[in-house]
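Structure, as structure tokens:
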Amino acid sequence: MEEYHSGDEVSFSPDEASNVVKECIEGIIGGVDYSQNKVNQWTASIVEHTLTQLVKQGKPFKYIVNCAVMQKSGAGLHTANSCYWDTTTDGSCTVRWENRTMYCVVSVFAVAIAL
Amino acid sequence: MDEDQSAEETTFVVEEITTVIKETVESTIGNNSYQHSKINQWTSNIVELSLSQLTKLGKPFKYIVTCIILQKNGAGLHTASSCFWDNSTDGSCTVRWENKTIYCIVSVFGLAI
């Protein structure tokens, strides 16, 4: 197996990021019902934990983590993203999660830092 | 004065971008009511138009534009963002817009190259 040399270009791995996000969400709102007074806390925790875990990976990226939590009440919700960046090194991943009373959508955007 | 000019070109200017986004949302949704069949088109339009207006500004930035459209029916919605970047050059702005039946939230993140 060849070792990675530090001179190689690193690109974003959406699968890895997806796993990090799923674990964070489960850990924070796993078995709970939507609660208006706690939702502030939840969204803040989800983005902070996810960001910390991503930064721990030590890759040369700037990150943006976005989280939306919505109560299940029949309303329609649509989200879209558009990005202007370097497609060879930058990337994003979006995780959709739900339980009985709420939807949670987390998007991670990673932009390579030119070293 | 010269120094000010070059600083303007390389920092994220919130007011300018907020104006661009508001115009884009107004022209795409305007007075329309929430319509399930058009919503896909609206969100795509908003992000694409916003992005092309932003790139026209000609600044050395990479951009990420996200748009959320939510029907007004009493549901609670909470969004949060966390960013790991260079505080001196990068920035973001969020525009909240609404009409009688729709909430629209657009966030722009600009990262200096």
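Note on naming: chains are A, B, ... as they come in the structure tokens, residues start from 1 per chain, ligands start from 1 in the order shown.
Around Thr88 (chain A), within 10 Å and counting only C-alpha atoms, the residues found are A:Glu9, A:Val10, A:Ser11, A:Phe12, A:Ala112, once anything fewer than 5 positions away on its own chain is removed.
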Output of the above residues as a PDB file, in the first residue's frame, restricted to all heavy atoms:
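Written output follows (part_8.pdb):
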ATOM      1  N   GLU A   9      -2.762  16.162  -3.311  1.00  0.00           N
ATOM      2  CA  GLU A   9      -3.936  16.998  -3.078  1.00  0.00           C
ATOM      3  C   GLU A   9      -4.981  16.185  -2.346  1.00  0.00           C
ATOM      4  O   GLU A   9      -5.257  15.045  -2.710  1.00  0.00           O
ATOM      5  CB  GLU A   9      -4.511  17.434  -4.418  1.00  0.00           C
ATOM      6  CG  GLU A   9      -4.257  18.889  -4.702  1.00  0.00           C
ATOM      7  CD  GLU A   9      -4.963  19.316  -5.966  1.00  0.00           C
ATOM      8  OE1 GLU A   9      -6.188  19.136  -6.044  1.00  0.00           O
ATOM      9  OE2 GLU A   9      -4.276  19.788  -6.867  1.00  0.00           O
ATOM     10  N   VAL A  10      -5.567  16.778  -1.313  1.00  0.00           N
ATOM     11  CA  VAL A  10      -6.592  16.053  -0.575  1.00  0.00           C
ATOM     12  C   VAL A  10      -7.940  16.524  -1.079  1.00  0.00           C
ATOM     13  O   VAL A  10      -8.162  17.718  -1.238  1.00  0.00           O
ATOM     14  CB  VAL A  10      -6.472  16.397   0.926  1.00  0.00           C
ATOM     15  CG1 VAL A  10      -7.380  15.512   1.726  1.00  0.00           C
ATOM     16  CG2 VAL A  10      -5.035  16.239   1.377  1.00  0.00           C
ATOM     17  N   SER A  11      -8.847  15.597  -1.357  1.00  0.00           N
ATOM     18  CA  SER A  11     -10.179  16.066  -1.719  1.00  0.00           C
ATOM     19  C   SER A  11     -11.167  15.626  -0.670  1.00  0.00           C
ATOM     20  O   SER A  11     -10.920  14.724   0.120  1.00  0.00           O
ATOM     21  CB  SER A  11     -10.558  15.569  -3.106  1.00  0.00           C
ATOM     22  OG  SER A  11     -10.572  14.173  -3.112  1.00  0.00           O
ATOM     23  N   PHE A  12     -12.304  16.290  -0.659  1.00  0.00           N
ATOM     24  CA  PHE A  12     -13.316  16.093   0.355  1.00  0.00           C
ATOM     25  C   PHE A  12     -13.971  14.726   0.211  1.00  0.00           C
ATOM     26  O   PHE A  12     -14.297  14.295  -0.894  1.00  0.00           O
ATOM     27  CB  PHE A  12     -14.355  17.208   0.193  1.00  0.00           C
ATOM     28  CG  PHE A  12     -15.467  17.149   1.176  1.00  0.00           C
ATOM     29  CD1 PHE A  12     -15.228  17.323   2.531  1.00  0.00           C
ATOM     30  CD2 PHE A  12     -16.760  16.923   0.754  1.00  0.00           C
ATOM     31  CE1 PHE A  12     -16.263  17.285   3.446  1.00  0.00           C
ATOM     32  CE2 PHE A  12     -17.807  16.883   1.665  1.00  0.00           C
ATOM     33  CZ  PHE A  12     -17.553  17.067   3.005  1.00  0.00           C
ATOM     34  N   ALA A 112     -11.265  23.813   0.031  1.00  0.00           N
ATOM     35  CA  ALA A 112      -9.848  23.548   0.260  1.00  0.00           C
ATOM     36  C   ALA A 112      -9.076  24.838   0.492  1.00  0.00           C
ATOM     37  O   ALA A 112      -9.350  25.859  -0.128  1.00  0.00           O
ATOM     38  CB  ALA A 112      -9.257  22.802  -0.928  1.00  0.00           C
TER      39      ALA A 112
END
Kindly determine which residues of chain B lie within 6 Å of chain A, considering only C-alpha atoms, and give the answer as a PyMOL selection string. chain B and resi 43+47+62-71+73+75-85
Where in region 3-111 of chain A does DSSP assign helix (DSSP H, G or I), given as an MDAnalysis selection string? chainID A and resid 14:29 39:56
Can I get the selection written as an mmCIF file, in the first residue's frame, with C-alpha atoms?
data_model
loop_
_atom_site.group_PDB
_atom_site.id
_atom_site.type_symbol
_atom_site.label_atom_id
_atom_site.label_comp_id
_atom_site.auth_asym_id
_atom_site.auth_seq_id
_atom_site.Cartn_x
_atom_site.Cartn_y
_atom_site.Cartn_z
ATOM 1 C CA PRO A 14 -18.633 13.090 1.445
ATOM 2 C CA ASP A 15 -19.122 9.598 2.896
ATOM 3 C CA GLU A 16 -16.849 10.214 5.836
ATOM 4 C CA ALA A 17 -18.507 13.544 6.543
ATOM 5 C CA SER A 18 -21.940 11.956 6.234
ATOM 6 C CA ASN A 19 -21.079 9.437 8.945
ATOM 7 C CA VAL A 20 -19.768 12.147 11.252
ATOM 8 C CA VAL A 21 -22.996 14.106 10.802
ATOM 9 C CA LYS A 22 -25.287 11.122 11.372
ATOM 10 C CA GLU A 23 -23.553 10.249 14.627
ATOM 11 C CA CYS A 24 -23.797 13.841 15.840
ATOM 12 C CA ILE A 25 -27.509 14.073 15.089
ATOM 13 C CA GLU A 26 -28.309 10.733 16.707
ATOM 14 C CA GLY A 27 -26.349 11.692 19.771
ATOM 15 C CA ILE A 28 -28.205 14.968 20.234
ATOM 16 C CA ILE A 29 -31.815 14.451 19.127
ATOM 17 C CA VAL A 39 -34.619 23.388 19.601
ATOM 18 C CA ASN A 40 -32.254 26.386 19.811
ATOM 19 C CA GLN A 41 -29.882 24.350 21.892
ATOM 20 C CA TRP A 42 -30.134 21.340 19.574
ATOM 21 C CA THR A 43 -29.299 23.148 16.359
ATOM 22 C CA ALA A 44 -26.377 24.925 18.019
ATOM 23 C CA SER A 45 -25.043 21.652 19.464
ATOM 24 C CA ILE A 46 -25.375 19.802 16.185
ATOM 25 C CA VAL A 47 -23.419 22.367 14.190
ATOM 26 C CA GLU A 48 -20.746 22.787 16.845
ATOM 27 C CA HIS A 49 -20.166 19.075 17.419
ATOM 28 C CA THR A 50 -20.109 18.337 13.715
ATOM 29 C CA LEU A 51 -17.629 21.130 13.096
ATOM 30 C CA THR A 52 -15.361 19.971 15.926
ATOM 31 C CA GLN A 53 -15.323 16.397 14.625
ATOM 32 C CA LEU A 54 -14.561 17.537 11.079
ATOM 33 C CA VAL A 55 -11.733 19.827 12.156
ATOM 34 C CA LYS A 56 -10.240 16.957 14.214
#
Given the choices B:Thr10, B:Asn99, B:Val106, B:Asn87, which gets closest to Ile46 (chain B) if the distance is worked out from only C-alpha atoms? B:Val106
From a DSSP calculation on the backbone, collect every residue of region 35-112 of chain A in strand (DSSP E) and output the set as a VMD selection string. chain A and resid 61 to 71 77 to 84 91 to 98 102 to 112
Give me, as a PyMOL selection string, all polymer residues having an atom no more than 9 Å from Trp97 (chain B), counting only C-alpha atoms and skipping those fewer than 5 positions away in the same chain. chain B and resi 22+25-26+102-106
